[in-house]
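Inspection log for the structure reproduced underneath, given as structure tokens.
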Amino acid sequence: MTTATALPAAAGTALPPAGPADSAVRPVVRPARPGEEDALARALADAFADDALMLWAFPDPGHRARVLPAFFRVHIEQCLAHGGALAVHRADGDGAADDGADGEPLGALLFLPPGHWEAPGPRDGAATAALAEAIDAAGHGEPARRLAAITRLQTLRHPRHRSHHYLAFVGVRPGARGTRAGRALLHAFLTEVDTAGQAAYAETSSPSGARLLARGGFARFGEALALPGGGPRLAPVWRGPR
């Protein structure tokens with residue numbers, strides 16, 4: 001599931017400034033590293049705090065604020081194990097990633113490479129139990145049921161006609177929106193996809209996410225996924241090999 005949101009994944013060169021709105025922050029993307037799971041989880045929790053899908057999945061504001069970092073940490077650990085996590089930081093004066101004193105990234109992109117969504121391994125299976133614990137499913141049954149509904153719909157509609165990279169999440173902190181950080185993440189991801197000669201698939205739950213993915217060459221892939229009880233709609237999108 002994704003709200004939206006590229007430099008080669010291993011690159012250390014920042015995007016050039018694009019205009020006044022972008023001049024304060026120059027984003028640079030690199031692969032995420034073991035040990036920064038908490039920092040990436042905080043960044044994604046901030047990015048998705050006002051996302052329609054998360055507001056629906058976690059209707060209680062206090063519970064949502066408490067569990068979103070743990071929710072994203074589970075997904076980060078899963079994707080990082082398969083080399084599917086990218087971090088975006090401010091560029092320092094030399095154009096390299098400036099992690100800063102606290103190591104806080106501007107945002108992150110999570111994906112699963114071909115074969116890992118279709119045939120999950122033991123680590124991926126363990127993520128299901130870890131996710132239930134992360135959201136305190138035993139004490140909050142409604143969010144657990146809503147997340148299960150999302151997963152069922154995604155599983156039913158996920159394309160199986162050819163191998164592909166699955167873009168699961170991409171987001172940047174509210175303060176980094178409008179700085180090209182999201183575009184830098186997407187460009188890095190698509191560079192990896194194109195280098196491998198692969199396709200890519202995602203679902204987007206926001207208009208801004210749909211616009212970003214469309215700029216990256218994604219096109220609508222069938223009807224939107226309608227969540228029960230008046231929940232938001234997820235738009236499946238596909239990008240063929242380039």
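Identifiers in the structure tokens: chain A, B, ... in order shown; residue index from 1 per chain; ligand index from 1 in order shown.
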Self-check item: strand (DSSP E or B) per DSSP on the backbone: members of chain A, as a VMD selection string
Solution: chain A and resid 2 27 to 31 85 to 91 97 to 98 107 to 112 164 to 172 199 to 204 219 to 220 225 to 226 233 to 239
Practice problem: Could you tell me, as number ranges by chain, which residues of stretch 58-209 of chain A DSSP assigns to alpha helix (DSSP H) when given the backbone? | Solution: A: 61-80, 122-134, 141-157, 181-195, 207-209
Per-residue nearest contacts of stretch 134-166 of chain A to stretch 215-238 of chain A (10 Å; only C-alpha atoms) as CSV:
```
residue,atom,partner,partner_atom,distance
A:Arg146,CA,A:Pro228,CA,8.5
A:Ala149,CA,A:Leu227,CA,7.4
A:Ile150,CA,A:Leu227,CA,6.9
A:Leu153,CA,A:Leu225,CA,6.8
A:Gln154,CA,A:Leu225,CA,7.8
A:Leu156,CA,A:Leu225,CA,9.9
A:Arg157,CA,A:Leu225,CA,8.1
A:His158,CA,A:Pro236,CA,8.5
A:Pro159,CA,A:Trp238,CA,9.1
A:His164,CA,A:Trp238,CA,9.4
A:Tyr166,CA,A:Trp238,CA,9.6
```
Save the residues we just selected, N, CA and C atoms, as a compact mmCIF listing (two decimals), in the first residue's frame?
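Written output follows (out-v8.txt):
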```txt
# COMPACT_ATOMS: atom_id res chain seq x y z
N ARG A 146 -9.50 -3.70 9.95
CA ARG A 146 -9.39 -2.82 8.79
C ARG A 146 -8.11 -3.09 8.00
N ALA A 149 -8.64 -6.14 6.02
CA ALA A 149 -9.47 -5.89 4.84
C ALA A 149 -8.62 -5.30 3.72
N ILE A 150 -7.73 -4.38 4.05
CA ILE A 150 -6.83 -3.81 3.05
C ILE A 150 -5.97 -4.90 2.42
N LEU A 153 -7.90 -7.19 -0.05
CA LEU A 153 -8.15 -6.56 -1.34
C LEU A 153 -6.88 -6.45 -2.17
N GLN A 154 -5.78 -6.09 -1.51
CA GLN A 154 -4.52 -5.98 -2.24
C GLN A 154 -4.09 -7.33 -2.80
N LEU A 156 -5.99 -9.90 -3.60
CA LEU A 156 -6.86 -10.30 -4.70
C LEU A 156 -6.50 -9.60 -6.00
N ARG A 157 -6.13 -8.33 -5.91
CA ARG A 157 -5.91 -7.54 -7.10
C ARG A 157 -4.45 -7.47 -7.55
N HIS A 158 -3.54 -7.95 -6.74
CA HIS A 158 -2.12 -7.82 -7.09
C HIS A 158 -1.84 -8.56 -8.40
N PRO A 159 -1.19 -7.90 -9.37
CA PRO A 159 -0.94 -8.55 -10.67
C PRO A 159 0.02 -9.72 -10.56
N HIS A 164 7.76 -8.26 -11.11
CA HIS A 164 7.80 -6.81 -10.96
C HIS A 164 8.32 -6.43 -9.59
N TYR A 166 7.49 -4.28 -6.32
CA TYR A 166 6.28 -3.77 -5.67
C TYR A 166 6.65 -2.58 -4.79
```
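Using only C-alpha atoms, the smallest distance between any of A:Glu77, A:Glu203, A:Asp194, A:Glu142 and A:Asp60 comes from A:Glu142.
Comparing A:Ala41, A:Ala134, A:Ala87, A:Ala168 by their smallest distance to A:Ala108, the closest is A:Ala87 (using only C-alpha atoms).
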Quiz item: Which residue gives the smallest distance to A:Ala70 among A:Leu131, A:Ala144, A:Ala57, A:Leu186, with only C-alpha atoms counted?
Solution: A:Leu131
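Separating atom CA of A:Ala188 from atom CA of A:Val170 is a distance of 11.7 Å.
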